[in-house]
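What follows is a set of notes on a single structure, which appears directly below.
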Amino acid sequence: MHKVAIVLPVLNEKKNLELLLPEIVSQHPDFFIIVVDDNSSDGTSEFLRNFKNMHNKLNVIHRLERLGVGSAHKQGILRAVELGCEFIVTMDADRTHKVSDIQKLLNSNENFDMVIGTRYGNGGGIVGWSLFRHLLTRLGHFATYLFFSSNFDMSSGMRSYKSSSLPIDVLIKKTADQYDYFFTSVLLFKRIGLSIGQVEIILNNREYGNSKMSLKLMFNGVLSLVKYGLRIRKIDS
């Protein structure tokens with residue numbers, strides 16, 4: 001059996017974690033769960049301490065401040081590598097990603113170094129988002145196609161990685177710490193020749209609480225992608 005870790009960046013997600021963690025354990029009792037908590041103030045820490053008493057494969061990384069979603073992904077991935085996990089799945093803790101999709105990604109991960117859960121194409125989609133957030137996400141997806149001829153869903157946070165293929169030092173040093181981590185990591189992997197696959201997923205609206213991914217962060221991430229694409233085009237012309 002493969003050694004697998006699920007990485008969950010969190011900030012004030014206690015109510016969602018109370019539902020999500022038991023669901024993960026019920027479907028994947030042997031998987032490690034790595035929670036990267038950016039100093040939550042809603043009782044998340046206390047809940048995680050209690051849950052760890054029931055599930056010894058839970059690892060919690062407590063950070064003293066909000067350091068960025070990209071930084072949280074990287075620190076969680078690094079911990080999974082240190083634990084010797086062969087495959088690493090990242091997903092949101094707000095229940096927008098389905099636990100049932102984890103195995104779909106892992107099945108494809110046998111053939112790819114990284115697998116992205118895509119919201120686009122047959123079988124993929126987004127449910128419950130505002131029109132503006134839809135349009136901004138679509139703009140980012142269009143920009144990746146325009147500048148990089150890529151149909152990958154580069155802003156998707158649900159992914160699975162094959163640890164043996166990960167250039168972990170390069171990933172930590174050469175990718176962004178904020179929302180644009182999602183774009184820069186895929187571009188990095190494409191550049192160094194890692195194989196990337198996709199499987200369709202449905203992204204739901206969050207169950208409890210407010211999104212930490214503000215429109216400002218999303219817009220700045222898309223803007224940085226466009227600027228990066230324009231710079232690459234200038235160099236190539």
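By convention in this document, the chains of the structure tokens carry letters A, B, ... by their order, each chain's residues are numbered from 1, and ligands are numbered from 1 in the order they are shown.
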
Can you list, as a PDB file with N, CA and C atoms, in the first residue's frame, every protein, DNA or RNA residue that comes within 12 Å of stretch 52-54 of chain A when you count only C-alpha atoms, leaving out same-chain residues fewer than 6 positions away?
```pdb
ATOM      1  N   LEU A  21     -12.448  16.184   8.410  1.00  0.00           N
ATOM      2  CA  LEU A  21     -11.449  15.225   8.884  1.00  0.00           C
ATOM      3  C   LEU A  21     -12.039  13.834   9.141  1.00  0.00           C
ATOM      4  N   PRO A  22     -13.209  13.706   9.812  1.00  0.00           N
ATOM      5  CA  PRO A  22     -13.793  12.367   9.952  1.00  0.00           C
ATOM      6  C   PRO A  22     -14.115  11.723   8.605  1.00  0.00           C
ATOM      7  N   VAL A  25     -10.835  10.375   7.202  1.00  0.00           N
ATOM      8  CA  VAL A  25     -10.411   9.183   7.947  1.00  0.00           C
ATOM      9  C   VAL A  25     -11.285   7.983   7.618  1.00  0.00           C
ATOM     10  N   PRO A  29      -8.350   5.675   6.049  1.00  0.00           N
ATOM     11  CA  PRO A  29      -7.865   5.613   7.435  1.00  0.00           C
ATOM     12  C   PRO A  29      -6.351   5.532   7.570  1.00  0.00           C
ATOM     13  N   PHE A  32      -1.882   9.866   6.000  1.00  0.00           N
ATOM     14  CA  PHE A  32      -1.495  10.967   6.877  1.00  0.00           C
ATOM     15  C   PHE A  32      -2.322  12.197   6.510  1.00  0.00           C
ATOM     16  N   ILE A  33      -2.658  12.995   7.501  1.00  0.00           N
ATOM     17  CA  ILE A  33      -3.325  14.277   7.280  1.00  0.00           C
ATOM     18  C   ILE A  33      -2.430  15.363   7.859  1.00  0.00           C
ATOM     19  N   ILE A  34      -2.050  16.323   7.026  1.00  0.00           N
ATOM     20  CA  ILE A  34      -1.182  17.415   7.450  1.00  0.00           C
ATOM     21  C   ILE A  34      -1.967  18.715   7.359  1.00  0.00           C
ATOM     22  N   VAL A  35      -2.223  19.327   8.504  1.00  0.00           N
ATOM     23  CA  VAL A  35      -2.965  20.580   8.555  1.00  0.00           C
ATOM     24  C   VAL A  35      -1.976  21.710   8.829  1.00  0.00           C
ATOM     25  N   SER A  45      -7.364  25.215  16.634  1.00  0.00           N
ATOM     26  CA  SER A  45      -6.226  24.566  17.292  1.00  0.00           C
ATOM     27  C   SER A  45      -6.684  23.555  18.339  1.00  0.00           C
ATOM     28  N   GLU A  46      -7.653  23.948  19.150  1.00  0.00           N
ATOM     29  CA  GLU A  46      -8.159  23.044  20.188  1.00  0.00           C
ATOM     30  C   GLU A  46      -8.808  21.804  19.567  1.00  0.00           C
ATOM     31  N   VAL A  60      -0.016  18.484  12.635  1.00  0.00           N
ATOM     32  CA  VAL A  60      -0.451  19.879  12.614  1.00  0.00           C
ATOM     33  C   VAL A  60       0.767  20.794  12.624  1.00  0.00           C
TER      34      VAL A  60
END
```

Any chance you could tabulate, as a tab-separated table, the residues of stretch 15-71 of chain A at most 10 Å from stretch 165-187 of chain A with each one's nearest atom pair and distance in Å to one decimal, using only C-alpha atoms, in chain and rising number order?
```
residue	atom	partner	partner_atom	distance
A:Leu67	CA	A:Asp177	CA	7.4
A:Gly68	CA	A:Gln178	CA	4.6
A:Val69	CA	A:Gln178	CA	5.3
A:Gly70	CA	A:Asp177	CA	4.1
A:Ser71	CA	A:Asp177	CA	4.3
```

What would the file look like if the residues just selected were written as a JSON list (two decimals), in the first residue's frame with all heavy atoms?
```
[["chain", "number", "residue", "atom", "x", "y", "z"],
["A", 67, "LEU", "N", 0.76, 33.52, 6.41],
["A", 67, "LEU", "CA", 1.95, 33.62, 5.57],
["A", 67, "LEU", "C", 1.67, 33.36, 4.09],
["A", 67, "LEU", "O", 2.59, 33.40, 3.29],
["A", 67, "LEU", "CB", 3.03, 32.65, 6.07],
["A", 67, "LEU", "CG", 3.52, 32.90, 7.50],
["A", 67, "LEU", "CD1", 4.49, 31.82, 7.93],
["A", 67, "LEU", "CD2", 4.17, 34.27, 7.61],
["A", 68, "GLY", "N", 0.40, 33.09, 3.75],
["A", 68, "GLY", "CA", 0.05, 32.89, 2.34],
["A", 68, "GLY", "C", -0.30, 31.46, 2.03],
["A", 68, "GLY", "O", 0.29, 30.51, 2.58],
["A", 69, "VAL", "N", -1.27, 31.29, 1.13],
["A", 69, "VAL", "CA", -1.74, 29.94, 0.79],
["A", 69, "VAL", "C", -0.66, 29.14, 0.08],
["A", 69, "VAL", "O", -0.53, 27.93, 0.27],
["A", 69, "VAL", "CB", -3.03, 30.03, -0.06],
["A", 69, "VAL", "CG1", -2.77, 30.66, -1.42],
["A", 69, "VAL", "CG2", -3.67, 28.64, -0.21],
["A", 70, "GLY", "N", 0.15, 29.82, -0.74],
["A", 70, "GLY", "CA", 1.24, 29.11, -1.41],
["A", 70, "GLY", "C", 2.28, 28.61, -0.42],
["A", 70, "GLY", "O", 2.74, 27.47, -0.50],
["A", 71, "SER", "N", 2.61, 29.46, 0.54],
["A", 71, "SER", "CA", 3.54, 29.08, 1.59],
["A", 71, "SER", "C", 3.02, 27.89, 2.38],
["A", 71, "SER", "O", 3.77, 26.97, 2.73],
["A", 71, "SER", "CB", 3.77, 30.27, 2.52],
["A", 71, "SER", "OG", 4.49, 29.89, 3.67]]
```

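Checking A:Asn16, A:Phe87, A:Ile24, A:Ser41 one by one against A:Lys57, counting only C-alpha atoms, you find the shortest gap at A:Ile24.
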
- [ ] Fewer than 3 positions away in the same chain doesn't count, so skip those; otherwise give me all residues within 7 Å of A:Gly197, counting only C-alpha atoms, as a VMD selection string.
- [x] chain A and resid 112 114 to 116

Restricted to C-alpha atoms, what would the selected residues look like written as a PDB file, in the first residue's frame?
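What landed in result21.pdb:
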```
ATOM      1  CA  PHE A 112       1.860  11.424 -14.002  1.00  0.00           C
ATOM      2  CA  MET A 114       1.405  15.738 -10.861  1.00  0.00           C
ATOM      3  CA  VAL A 115      -2.344  15.565 -11.376  1.00  0.00           C
ATOM      4  CA  ILE A 116      -4.580  18.643 -11.267  1.00  0.00           C
TER       5      ILE A 116
END
```

Open item on the list: Env of A:His2: 10 Å cut, atoms = only C-alpha atoms, seq-sep filter 3 positions within chain, self excluded. Answer as a PyMOL selection string.
Closed with: chain A and resi 5+30-31+85-87

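Pairwise distance (atom CA of A:Thr44, atom CA of A:Arg159) equals 23.8 Å.
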
- [ ] From a DSSP calculation on the backbone, collect every residue of stretch 86-205 of chain A in strand (DSSP E or B) and output the set as a count of residues only.
- [x] 22

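For the pair atom CA of A:Phe51 and atom CA of A:Val36, the separation is 14.7 Å.
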
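Minimum atom-to-atom distances from A:Leu58, A:Lys104, A:Asp38, A:Asp94 to A:Glu13 were compared using only C-alpha atoms, and the lowest value belongs to A:Asp94.
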
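Computed from the coordinates, the atom CA of A:Lys74 to atom CA of A:Asp101 distance equals 21.3 Å.
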
Can you pull out the residues contacting A:Val199? Cut-off 12 Å, using only C-alpha atoms, and skip same-chain residues under 4 positions away; I want them as a compact mmCIF listing (two decimals) with N, CA, C and O atoms, in the first residue's frame.
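Result went into part.txt, see below:
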```txt
# COMPACT_ATOMS: atom_id res chain seq x y z
N ASP A 101 -13.06 12.67 -4.49
CA ASP A 101 -12.21 12.92 -5.66
C ASP A 101 -10.74 12.60 -5.39
O ASP A 101 -9.94 12.54 -6.33
N ILE A 102 -10.39 12.39 -4.13
CA ILE A 102 -8.99 12.11 -3.80
C ILE A 102 -8.49 10.88 -4.55
O ILE A 102 -7.42 10.90 -5.17
N GLN A 103 -9.27 9.81 -4.53
CA GLN A 103 -8.83 8.57 -5.16
C GLN A 103 -8.74 8.72 -6.67
O GLN A 103 -7.88 8.10 -7.31
N LYS A 104 -9.59 9.56 -7.26
CA LYS A 104 -9.52 9.81 -8.70
C LYS A 104 -8.17 10.41 -9.08
O LYS A 104 -7.56 10.02 -10.07
N LEU A 105 -7.71 11.36 -8.29
CA LEU A 105 -6.41 11.96 -8.56
C LEU A 105 -5.28 10.95 -8.37
O LEU A 105 -4.36 10.88 -9.19
N LEU A 106 -5.36 10.18 -7.29
CA LEU A 106 -4.31 9.21 -7.02
C LEU A 106 -4.23 8.13 -8.09
O LEU A 106 -3.13 7.66 -8.43
N ASN A 107 -5.37 7.74 -8.62
CA ASN A 107 -5.36 6.74 -9.69
C ASN A 107 -4.59 7.24 -10.90
O ASN A 107 -3.83 6.49 -11.53
N SER A 108 -4.78 8.52 -11.24
CA SER A 108 -4.06 9.11 -12.37
C SER A 108 -2.60 9.38 -12.03
O SER A 108 -1.75 9.44 -12.92
N ASN A 109 -2.31 9.56 -10.75
CA ASN A 109 -0.95 9.88 -10.33
C ASN A 109 0.03 8.75 -10.57
O ASN A 109 1.25 8.94 -10.54
N PHE A 112 1.40 10.05 -13.88
CA PHE A 112 1.86 11.42 -14.00
C PHE A 112 2.60 11.84 -12.73
O PHE A 112 2.32 11.34 -11.65
N MET A 114 2.40 14.93 -11.57
CA MET A 114 1.40 15.74 -10.86
C MET A 114 0.07 15.63 -11.58
O MET A 114 0.03 15.58 -12.81
N VAL A 115 -0.99 15.61 -10.81
CA VAL A 115 -2.34 15.57 -11.38
C VAL A 115 -3.13 16.74 -10.80
O VAL A 115 -3.12 16.96 -9.58
N ILE A 116 -3.79 17.49 -11.67
CA ILE A 116 -4.58 18.64 -11.27
C ILE A 116 -6.06 18.28 -11.33
O ILE A 116 -6.51 17.71 -12.32
N GLY A 117 -6.81 18.63 -10.30
CA GLY A 117 -8.26 18.51 -10.36
C GLY A 117 -8.83 19.71 -11.10
O GLY A 117 -8.81 20.83 -10.58
N THR A 118 -9.29 19.50 -12.32
CA THR A 118 -9.72 20.61 -13.15
C THR A 118 -11.23 20.82 -13.10
O THR A 118 -12.02 19.87 -13.09
N ARG A 119 -11.60 22.10 -13.11
CA ARG A 119 -13.02 22.48 -13.11
C ARG A 119 -13.55 22.65 -14.53
O ARG A 119 -14.73 22.92 -14.72
N TYR A 120 -12.69 22.45 -15.51
CA TYR A 120 -13.07 22.69 -16.91
C TYR A 120 -13.08 21.37 -17.68
O TYR A 120 -12.44 20.41 -17.31
N GLY A 121 -13.83 21.35 -18.76
CA GLY A 121 -13.96 20.14 -19.55
C GLY A 121 -15.17 19.32 -19.12
O GLY A 121 -15.86 19.64 -18.15
N ASN A 122 -15.42 18.25 -19.83
CA ASN A 122 -16.57 17.39 -19.54
C ASN A 122 -16.44 16.78 -18.14
O ASN A 122 -15.44 16.15 -17.82
N GLY A 123 -17.45 16.99 -17.32
CA GLY A 123 -17.45 16.41 -15.98
C GLY A 123 -16.94 17.35 -14.91
O GLY A 123 -17.07 17.05 -13.72
N GLY A 124 -16.36 18.49 -15.30
CA GLY A 124 -15.88 19.46 -14.32
C GLY A 124 -16.83 20.63 -14.22
O GLY A 124 -17.67 20.85 -15.09
N GLY A 125 -16.71 21.42 -13.14
CA GLY A 125 -17.58 22.58 -13.01
C GLY A 125 -17.42 23.28 -11.68
O GLY A 125 -16.69 22.83 -10.79
N PHE A 152 -4.20 23.51 -18.80
CA PHE A 152 -4.23 23.10 -17.40
C PHE A 152 -5.00 24.11 -16.56
O PHE A 152 -4.92 25.32 -16.79
N ASP A 153 -5.72 23.62 -15.57
CA ASP A 153 -6.44 24.47 -14.63
C ASP A 153 -5.43 24.91 -13.56
O ASP A 153 -5.37 24.37 -12.46
N SER A 156 -6.22 25.74 -9.77
CA SER A 156 -6.86 24.73 -8.93
C SER A 156 -5.95 24.35 -7.77
O SER A 156 -4.75 24.09 -7.95
N MET A 158 -6.69 21.67 -5.77
CA MET A 158 -6.76 20.22 -5.55
C MET A 158 -5.83 19.53 -6.53
O MET A 158 -6.06 19.53 -7.74
N ARG A 159 -4.78 18.95 -5.98
CA ARG A 159 -3.74 18.34 -6.80
C ARG A 159 -3.18 17.11 -6.11
O ARG A 159 -3.32 16.96 -4.90
N SER A 160 -2.51 16.28 -6.86
CA SER A 160 -1.75 15.20 -6.25
C SER A 160 -0.37 15.15 -6.89
O SER A 160 -0.21 15.42 -8.09
```
